[in-house]
Structures are given as C-alpha cells and as structure tokens.
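What follows is a short report on a single structure.
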Amino acid sequence: MAHDDPFGTAFPNRGSGDNLEPLASQVISLLRERQTAGPTGARQVVVDYLVRAITAPKGFDVMQVMDELRGYRLTVDAIIDLYIPQAADCIGELWQTSDLDFASVTVGALRLQSLLGEASSETTHLTHADSDALHALVVVPEGEQHFLGASVVAAQLRRLGCDVSLSISERTQFITNRVICDQPDMVLMSCARGSALDSIAKTVKKIKKAADPMPVLALGGAVRGDRDGMKDKTGVDLVTNTAKDVVSFCMKRHKALSRG
C-alpha cells in the first residue's frame with residue numbers, strides 16, 4: 001500500500017491472525033467505497049448520515065445537521081443540488097420496500113425542507129435578482145404532492161440569479177392567468193407521475209394560446225419515461241431535471257429573438 005494511505009496499517013501475521021487479513025481487506029474496501037463518490041457524485045457515507053438524521057425518532061436539529069455536513073467539506077451547492085435530493089430518493093425507496101412508514105417519510109421530507117431552507121439562506125447574498133434577471137415560475141401541478149423537488153429547483157434558479165415564483169397545486173386557469181399577468185421568461189413544471197402528463201399538456205396548450213410573450217416551457221421531476229415522448233405529448237420546449245439547462249435554453253432564445 002502507498003505510504004500515505006490512511007488505512008495502510010497492516011495486520012500482523014500470527015497464527016489464526018492470518019484469517020483476519022481477508023476480513024480487514026473487505027472492511028477497508030467497504031470504507032473506501034462508501035467514502036468515494038458514486039455514479040451520482042454523492043458519497044454514500046454522507047447520504048447514509050443524512051438519511052439517519054432525517055428519520056431519527058428523537059428530534060432534528062437543522063443547525064447541527066448543517067454543521068455535520070460542513071464537516072464532510074460539502075459546499076452549500078452540493079447540499080442543495082446533490083445530497084438533499086439523494087436523501088429524498090432514499091427515504092422514498094425505503095417507503096416502497098416498507099422499511100419506513102408513510103408518517104416517517106413525511107417527517108423526513110419536512111426535515112429536508114427545513115434543511116433546504118437553512119442552506120438556501122446562506123446563499124441569499126449571491127441571489128439578489130436585478131431588474132434584468134430572468135423570471136421563472138416553478139409549477140407543481142394540481143394533485144401532485146412533491147413539493148421538495150420544486151423547492152430544490154427554485155433554490156437552484158435563485159443561485160443562478162433568477163427571480164423565482166412558485167405555484168403549488170393551482171388550477172390550470174389560475175396558472176395561465178399568472179403567466180399572462182407576470183410574463184415569466186420560463187415556466188418549469190414538476191411531475192412525479194405519468195398520469196399527470198395529460199393535465200400538464202392541457203396547461204401547456206392554454207399557456208401557448210394565451211401568453212404573449214411566450215415563455216420557455218420545461219418539464220422535469222421524478223417522472224420516468226422517454227424524454228422525446230414526454231416532450232411531444234405535453235408540448236413543452238424541453239424535458240430536463242437540470243435548472244441550468246432551462247436557463248441556458250431561455251438565454252439562447254432571447255439572444256436569437258434580439259438578433260431577429
């Protein structure tokens with residue numbers, strides 16, 4: 001092993017101690033694996049800690065959790081963009097496997113919401129939108145109940161310098177009226193279930209019929225499926241779970257229109 005490996009202390013070879021070496025190697029390998037960023041970019045050891053914290057039966061101290069996350073040398077951006085969504089996915093999976101009941105999942109989601117609020121408050125000095133800022137409307141359609149994901153997207157957009165409004169479970173006509181009155185540059189619709197796509201398609205159709213100027217229309221969220229198929233079905237301009245994609249698309253459209 002390399003001399004600077006923090007796990008580099010060898011076990012002595014004495015009698016039955018030989019049997020400890022394979023076990024020690026497995027433990028070291030597991031520790032390294034959990035400390036290393038996985039395919040999503042998150043370190044599993046941090047995700048595990050956060051899931052334990054938000055599902056603990058004896059209370060939740062958001063400031064203490066933030067301090068612990070800072071101890072893992074995480075930036076606020078990483079907490080908001082990566083670890084809060086990863087923890088939300090984990091408790092959702094634990095509910096599906098019956099390892100957590102609905103009440104625990106609900107409490108966990110509320111705790112993540114409070115953590116998001118605390119993390120977002122630390123970036124307010126970077127997110128004051130000026131008069132030229134892009135205006136975004138983030139929509140959780142009527143009947144959908146996944147507020148945390150929309151809040152994460154709103155926080156991401158604010159860090160990108162956007163002025164952001166939220167629409168939570170409002171009727172299609174009310175959303176259309178907001179678009180007509182507020183004239184946002186982009187409308188981002190969050191969807192968790194395929195069954196909501198028809199409702200989103202109706203909303204998109206009404207916006208396209210009534211709005212002037214026309215905002216960029218984007219679809220994202222936990223819904224799974226063929227992106228091109230969802231784009232065609234709903235009539236949105238793009239399907240993505242990355243706020244930067246929507247902002248970039250919107251800026252390119254503005255530049256194209258200004259040149260025209």
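Lettering and numbering for the structure tokens are positional, with chains as A, B, ... in the shown order, residues counted from 1 in each chain, and ligands counted from 1 in the shown order.
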>> Just want the 10 Å neighbourhood of range 74-79 of chain A, counted on only C-alpha atoms, with same-chain residues fewer than 6 positions away dropped. Output as a PyMOL selection string.
In response: chain A and resi 41-42+46+66+68+85-86+115-116+118-123+155-156+159
Each residue of range 156-183 of chain A lying at most 7 Å from range 134-143 of chain A should get a row with its shortest atom-to-atom pair and the distance in Å to one decimal, counting only C-alpha atoms; could you produce that, ordered by chain and increasing number, as a Markdown table?
```
| residue | atom | partner | partner_atom | distance |
| --- | --- | --- | --- | --- |
| A:Cys162 | CA | A:Leu134 | CA | 5.0 |
| A:Asp163 | CA | A:His135 | CA | 4.7 |
| A:Val164 | CA | A:Ala136 | CA | 4.8 |
| A:Ser165 | CA | A:Leu137 | CA | 4.9 |
| A:Leu166 | CA | A:Val138 | CA | 4.9 |
| A:Ser167 | CA | A:Val139 | CA | 4.7 |
| A:Ile168 | CA | A:Val140 | CA | 4.9 |
| A:Ser169 | CA | A:Glu142 | CA | 3.7 |
| A:Glu170 | CA | A:Glu142 | CA | 5.4 |
| A:Arg171 | CA | A:Glu142 | CA | 6.0 |
```
Enumerate the residues of range 73-235 of chain A with a DSSP assignment of strand (DSSP E or B), computed from the backbone, and present them as a PDB file with N, CA, C and O atoms, in the first residue's frame.
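File written: part-v3.pdb
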```
ATOM      1  N   HIS A 135     -37.083  35.779 -15.069  1.00  0.00           N
ATOM      2  CA  HIS A 135     -38.144  35.446 -14.131  1.00  0.00           C
ATOM      3  C   HIS A 135     -38.632  34.038 -14.431  1.00  0.00           C
ATOM      4  O   HIS A 135     -39.018  33.737 -15.566  1.00  0.00           O
ATOM      5  N   ALA A 136     -38.617  33.190 -13.420  1.00  0.00           N
ATOM      6  CA  ALA A 136     -39.040  31.794 -13.572  1.00  0.00           C
ATOM      7  C   ALA A 136     -40.252  31.515 -12.704  1.00  0.00           C
ATOM      8  O   ALA A 136     -40.336  31.983 -11.563  1.00  0.00           O
ATOM      9  N   LEU A 137     -41.183  30.746 -13.258  1.00  0.00           N
ATOM     10  CA  LEU A 137     -42.333  30.261 -12.491  1.00  0.00           C
ATOM     11  C   LEU A 137     -42.202  28.741 -12.397  1.00  0.00           C
ATOM     12  O   LEU A 137     -42.187  28.051 -13.414  1.00  0.00           O
ATOM     13  N   VAL A 138     -42.061  28.223 -11.174  1.00  0.00           N
ATOM     14  CA  VAL A 138     -41.946  26.786 -10.945  1.00  0.00           C
ATOM     15  C   VAL A 138     -43.316  26.271 -10.519  1.00  0.00           C
ATOM     16  O   VAL A 138     -43.886  26.748  -9.538  1.00  0.00           O
ATOM     17  N   VAL A 139     -43.831  25.284 -11.253  1.00  0.00           N
ATOM     18  CA  VAL A 139     -45.206  24.816 -11.064  1.00  0.00           C
ATOM     19  C   VAL A 139     -45.230  23.370 -10.578  1.00  0.00           C
ATOM     20  O   VAL A 139     -44.629  22.485 -11.202  1.00  0.00           O
ATOM     21  N   VAL A 140     -45.893  23.134  -9.462  1.00  0.00           N
ATOM     22  CA  VAL A 140     -46.269  21.786  -9.042  1.00  0.00           C
ATOM     23  C   VAL A 140     -47.750  21.644  -9.385  1.00  0.00           C
ATOM     24  O   VAL A 140     -48.597  22.292  -8.775  1.00  0.00           O
ATOM     25  N   ASP A 163     -35.198  35.472 -10.733  1.00  0.00           N
ATOM     26  CA  ASP A 163     -36.309  35.826  -9.853  1.00  0.00           C
ATOM     27  C   ASP A 163     -37.319  34.683  -9.964  1.00  0.00           C
ATOM     28  O   ASP A 163     -37.759  34.354 -11.074  1.00  0.00           O
ATOM     29  N   VAL A 164     -37.679  34.062  -8.852  1.00  0.00           N
ATOM     30  CA  VAL A 164     -38.449  32.815  -8.899  1.00  0.00           C
ATOM     31  C   VAL A 164     -39.759  32.945  -8.129  1.00  0.00           C
ATOM     32  O   VAL A 164     -39.791  33.464  -7.006  1.00  0.00           O
ATOM     33  N   SER A 165     -40.839  32.455  -8.745  1.00  0.00           N
ATOM     34  CA  SER A 165     -42.135  32.327  -8.082  1.00  0.00           C
ATOM     35  C   SER A 165     -42.539  30.856  -8.097  1.00  0.00           C
ATOM     36  O   SER A 165     -42.137  30.109  -9.002  1.00  0.00           O
ATOM     37  N   LEU A 166     -43.325  30.458  -7.107  1.00  0.00           N
ATOM     38  CA  LEU A 166     -43.793  29.082  -7.013  1.00  0.00           C
ATOM     39  C   LEU A 166     -45.309  29.020  -7.160  1.00  0.00           C
ATOM     40  O   LEU A 166     -46.024  29.876  -6.650  1.00  0.00           O
ATOM     41  N   SER A 167     -45.770  28.004  -7.871  1.00  0.00           N
ATOM     42  CA  SER A 167     -47.197  27.723  -7.997  1.00  0.00           C
ATOM     43  C   SER A 167     -47.422  26.298  -7.515  1.00  0.00           C
ATOM     44  O   SER A 167     -46.937  25.347  -8.136  1.00  0.00           O
ATOM     45  N   ILE A 168     -48.127  26.141  -6.410  1.00  0.00           N
ATOM     46  CA  ILE A 168     -48.314  24.832  -5.792  1.00  0.00           C
ATOM     47  C   ILE A 168     -49.776  24.409  -5.891  1.00  0.00           C
ATOM     48  O   ILE A 168     -50.658  25.027  -5.298  1.00  0.00           O
ATOM     49  N   MET A 186     -39.651  31.874 -18.149  1.00  0.00           N
ATOM     50  CA  MET A 186     -39.684  30.409 -18.222  1.00  0.00           C
ATOM     51  C   MET A 186     -40.678  29.856 -17.220  1.00  0.00           C
ATOM     52  O   MET A 186     -40.872  30.426 -16.141  1.00  0.00           O
ATOM     53  N   VAL A 187     -41.318  28.764 -17.592  1.00  0.00           N
ATOM     54  CA  VAL A 187     -42.241  28.051 -16.709  1.00  0.00           C
ATOM     55  C   VAL A 187     -41.746  26.624 -16.612  1.00  0.00           C
ATOM     56  O   VAL A 187     -41.638  25.918 -17.624  1.00  0.00           O
ATOM     57  N   LEU A 188     -41.402  26.198 -15.399  1.00  0.00           N
ATOM     58  CA  LEU A 188     -40.870  24.861 -15.175  1.00  0.00           C
ATOM     59  C   LEU A 188     -41.909  24.045 -14.424  1.00  0.00           C
ATOM     60  O   LEU A 188     -42.280  24.389 -13.299  1.00  0.00           O
ATOM     61  N   MET A 189     -42.391  22.974 -15.044  1.00  0.00           N
ATOM     62  CA  MET A 189     -43.427  22.135 -14.448  1.00  0.00           C
ATOM     63  C   MET A 189     -42.811  20.844 -13.923  1.00  0.00           C
ATOM     64  O   MET A 189     -42.131  20.129 -14.663  1.00  0.00           O
ATOM     65  N   SER A 190     -43.056  20.570 -12.647  1.00  0.00           N
ATOM     66  CA  SER A 190     -42.508  19.389 -11.994  1.00  0.00           C
ATOM     67  C   SER A 190     -43.562  18.285 -11.968  1.00  0.00           C
ATOM     68  O   SER A 190     -44.706  18.515 -11.572  1.00  0.00           O
ATOM     69  N   VAL A 216     -40.419  30.139 -22.116  1.00  0.00           N
ATOM     70  CA  VAL A 216     -39.879  28.799 -22.323  1.00  0.00           C
ATOM     71  C   VAL A 216     -40.637  27.849 -21.401  1.00  0.00           C
ATOM     72  O   VAL A 216     -40.829  28.141 -20.219  1.00  0.00           O
ATOM     73  N   LEU A 217     -41.089  26.728 -21.933  1.00  0.00           N
ATOM     74  CA  LEU A 217     -41.863  25.759 -21.156  1.00  0.00           C
ATOM     75  C   LEU A 217     -41.027  24.495 -20.979  1.00  0.00           C
ATOM     76  O   LEU A 217     -40.598  23.882 -21.962  1.00  0.00           O
ATOM     77  N   ALA A 218     -40.795  24.120 -19.717  1.00  0.00           N
ATOM     78  CA  ALA A 218     -39.941  22.975 -19.420  1.00  0.00           C
ATOM     79  C   ALA A 218     -40.652  22.004 -18.492  1.00  0.00           C
ATOM     80  O   ALA A 218     -41.486  22.397 -17.676  1.00  0.00           O
ATOM     81  N   LEU A 219     -40.302  20.742 -18.634  1.00  0.00           N
ATOM     82  CA  LEU A 219     -40.866  19.680 -17.799  1.00  0.00           C
ATOM     83  C   LEU A 219     -39.735  18.921 -17.127  1.00  0.00           C
ATOM     84  O   LEU A 219     -38.731  18.574 -17.762  1.00  0.00           O
ATOM     85  N   GLY A 220     -39.888  18.661 -15.822  1.00  0.00           N
ATOM     86  CA  GLY A 220     -38.901  17.886 -15.087  1.00  0.00           C
ATOM     87  C   GLY A 220     -39.575  17.152 -13.948  1.00  0.00           C
ATOM     88  O   GLY A 220     -40.795  17.084 -13.873  1.00  0.00           O
TER      89      GLY A 220
END
```
Please identify all polymer residues within 9 Å of Ala196 in chain A, counting only C-alpha atoms, omitting same-chain residues fewer than 3 positions from it, and present them as a compact mmCIF listing (two decimals) with all heavy atoms, in the first residue's frame.
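Okay, out-v6.txt is ready:
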```
# COMPACT_ATOMS: atom_id res chain seq x y z
N PRO A 141 -48.09 20.83 -10.40
CA PRO A 141 -49.47 20.78 -10.89
C PRO A 141 -50.47 20.34 -9.83
O PRO A 141 -50.11 19.70 -8.84
CB PRO A 141 -49.40 19.76 -12.04
CG PRO A 141 -47.96 19.74 -12.45
CD PRO A 141 -47.20 19.97 -11.19
N GLU A 142 -51.72 20.68 -10.06
CA GLU A 142 -52.79 20.30 -9.16
C GLU A 142 -52.83 18.78 -8.99
O GLU A 142 -52.75 18.04 -9.96
CB GLU A 142 -54.13 20.79 -9.72
CG GLU A 142 -55.29 20.64 -8.76
CD GLU A 142 -56.57 21.22 -9.33
OE1 GLU A 142 -56.60 21.52 -10.54
OE2 GLU A 142 -57.54 21.36 -8.56
N GLY A 143 -52.92 18.33 -7.75
CA GLY A 143 -52.95 16.89 -7.47
C GLY A 143 -51.59 16.29 -7.18
O GLY A 143 -51.51 15.20 -6.59
N GLU A 144 -50.51 16.96 -7.56
CA GLU A 144 -49.17 16.48 -7.24
C GLU A 144 -48.80 16.92 -5.83
O GLU A 144 -49.27 17.97 -5.35
CB GLU A 144 -48.16 17.04 -8.25
CG GLU A 144 -48.33 16.51 -9.66
CD GLU A 144 -47.75 15.13 -9.83
OE1 GLU A 144 -46.55 14.99 -10.03
OE2 GLU A 144 -48.54 14.17 -9.76
N CYS A 191 -43.16 17.10 -12.38
CA CYS A 191 -44.11 15.99 -12.49
C CYS A 191 -43.50 14.73 -11.90
O CYS A 191 -42.35 14.38 -12.22
CB CYS A 191 -44.47 15.78 -13.96
SG CYS A 191 -45.64 14.44 -14.26
N ALA A 192 -44.24 14.04 -11.05
CA ALA A 192 -43.76 12.80 -10.44
C ALA A 192 -44.46 11.57 -11.00
O ALA A 192 -43.97 10.46 -10.85
CB ALA A 192 -43.93 12.85 -8.93
N ARG A 193 -45.62 11.75 -11.62
CA ARG A 193 -46.41 10.60 -12.08
C ARG A 193 -46.78 10.77 -13.55
O ARG A 193 -47.12 11.87 -13.99
CB ARG A 193 -47.69 10.48 -11.25
CG ARG A 193 -47.48 10.35 -9.75
CD ARG A 193 -48.80 10.46 -9.02
NE ARG A 193 -49.43 11.75 -9.29
CZ ARG A 193 -50.73 11.99 -9.16
NH1 ARG A 193 -51.54 11.01 -8.81
NH2 ARG A 193 -51.23 13.20 -9.39
N SER A 199 -52.70 16.40 -17.78
CA SER A 199 -53.04 17.69 -17.18
C SER A 199 -52.00 18.74 -17.55
O SER A 199 -52.35 19.90 -17.85
CB SER A 199 -53.12 17.55 -15.66
OG SER A 199 -53.32 18.80 -15.04
N ILE A 200 -50.75 18.35 -17.56
CA ILE A 200 -49.68 19.29 -17.93
C ILE A 200 -49.83 19.69 -19.40
O ILE A 200 -49.65 20.86 -19.76
CB ILE A 200 -48.31 18.65 -17.66
CG1 ILE A 200 -48.08 18.57 -16.15
CG2 ILE A 200 -47.19 19.45 -18.33
CD1 ILE A 200 -46.83 17.80 -15.75
N ALA A 201 -50.19 18.74 -20.25
CA ALA A 201 -50.39 19.05 -21.67
C ALA A 201 -51.49 20.09 -21.85
O ALA A 201 -51.38 21.00 -22.68
CB ALA A 201 -50.73 17.77 -22.43
```
>> Give me, as an NGL selection string, the residues of range 15-258 of chain A that a backbone DSSP run labels helix (DSSP H, G or I).
In response: :A and (15-35 or 44-55 or 62-71 or 76-96 or 102-121 or 124-126 or 147-159 or 172-182 or 194-210 or 227-234 or 243-258)
> From the set A:Gly117, A:Leu257, A:Gly71, A:Val51, which residue has the shortest atom-to-atom contact distance to Val105 in chain A, counting only C-alpha atoms?
Replying inline: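 Going through A:Gly117, A:Leu257, A:Gly71, A:Val51 one by one, the smallest distance to Val105 in chain A is for A:Val51.
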Report the closest atom pair, with its distance in Å rounded to one decimal, for each residue of range 79-169 of chain A that has an atom no farther than 9 Å from range 54-65 of chain A; count only C-alpha atoms, sort by chain and then rising residue number, and write it as JSON lines.
```
{"residue": "A:Ala87", "atom": "CA", "partner": "A:Ile54", "partner_atom": "CA", "distance": 8.7}
{"residue": "A:Ile91", "atom": "CA", "partner": "A:Thr55", "partner_atom": "CA", "distance": 8.4}
{"residue": "A:Leu100", "atom": "CA", "partner": "A:Thr55", "partner_atom": "CA", "distance": 8.8}
{"residue": "A:Ser104", "atom": "CA", "partner": "A:Thr55", "partner_atom": "CA", "distance": 6.4}
{"residue": "A:Val105", "atom": "CA", "partner": "A:Thr55", "partner_atom": "CA", "distance": 7.6}
{"residue": "A:Val107", "atom": "CA", "partner": "A:Thr55", "partner_atom": "CA", "distance": 7.4}
{"residue": "A:Gly108", "atom": "CA", "partner": "A:Ile54", "partner_atom": "CA", "distance": 4.8}
{"residue": "A:Ala109", "atom": "CA", "partner": "A:Ile54", "partner_atom": "CA", "distance": 7.8}
{"residue": "A:Leu110", "atom": "CA", "partner": "A:Ile54", "partner_atom": "CA", "distance": 8.6}
{"residue": "A:Arg111", "atom": "CA", "partner": "A:Ile54", "partner_atom": "CA", "distance": 5.9}
{"residue": "A:Leu112", "atom": "CA", "partner": "A:Ile54", "partner_atom": "CA", "distance": 6.9}
{"residue": "A:Ser114", "atom": "CA", "partner": "A:Val62", "partner_atom": "CA", "distance": 7.0}
{"residue": "A:Leu115", "atom": "CA", "partner": "A:Val62", "partner_atom": "CA", "distance": 5.9}
{"residue": "A:Glu118", "atom": "CA", "partner": "A:Val62", "partner_atom": "CA", "distance": 7.5}
```
Limited to N, CA, C and O atoms, could you put the picked residues into a file as a compact mmCIF listing (two decimals), in the first residue's frame?
```
# COMPACT_ATOMS: atom_id res chain seq x y z
N ALA A 87 -31.08 12.09 -0.52
CA ALA A 87 -31.72 11.63 0.71
C ALA A 87 -33.22 11.45 0.49
O ALA A 87 -33.83 10.50 1.01
N ILE A 91 -35.34 7.88 1.14
CA ILE A 91 -36.49 7.61 2.01
C ILE A 91 -37.70 7.17 1.19
O ILE A 91 -38.54 6.42 1.68
N LEU A 100 -39.78 2.02 5.87
CA LEU A 100 -40.24 3.23 6.55
C LEU A 100 -41.73 3.36 6.31
O LEU A 100 -42.22 3.07 5.22
N SER A 104 -43.18 8.45 8.77
CA SER A 104 -41.73 8.70 8.87
C SER A 104 -41.21 9.38 7.61
O SER A 104 -40.35 10.26 7.67
N VAL A 105 -41.73 8.95 6.46
CA VAL A 105 -41.31 9.56 5.19
C VAL A 105 -41.76 11.02 5.14
O VAL A 105 -41.01 11.90 4.71
N VAL A 107 -42.30 13.04 7.72
CA VAL A 107 -41.46 13.80 8.65
C VAL A 107 -40.08 14.02 8.03
O VAL A 107 -39.51 15.12 8.10
N GLY A 108 -39.54 12.98 7.40
CA GLY A 108 -38.24 13.10 6.76
C GLY A 108 -38.24 14.16 5.67
O GLY A 108 -37.29 14.96 5.55
N ALA A 109 -39.30 14.20 4.87
CA ALA A 109 -39.40 15.20 3.80
C ALA A 109 -39.49 16.61 4.38
O ALA A 109 -38.88 17.55 3.85
N LEU A 110 -40.23 16.77 5.47
CA LEU A 110 -40.35 18.08 6.11
C LEU A 110 -39.00 18.52 6.69
O LEU A 110 -38.65 19.71 6.63
N ARG A 111 -38.25 17.57 7.23
CA ARG A 111 -36.93 17.91 7.76
C ARG A 111 -35.98 18.30 6.63
O ARG A 111 -35.17 19.23 6.79
N LEU A 112 -36.06 17.63 5.51
CA LEU A 112 -35.25 18.01 4.35
C LEU A 112 -35.64 19.40 3.86
O LEU A 112 -34.79 20.18 3.43
N SER A 114 -36.74 21.84 5.73
CA SER A 114 -36.14 22.81 6.65
C SER A 114 -34.64 22.93 6.42
O SER A 114 -34.07 24.02 6.52
N LEU A 115 -33.99 21.82 6.08
CA LEU A 115 -32.56 21.85 5.77
C LEU A 115 -32.32 22.66 4.50
O LEU A 115 -31.36 23.44 4.42
N GLU A 118 -32.53 26.31 5.35
CA GLU A 118 -31.33 26.78 6.05
C GLU A 118 -30.16 26.93 5.08
O GLU A 118 -29.43 27.94 5.11
```
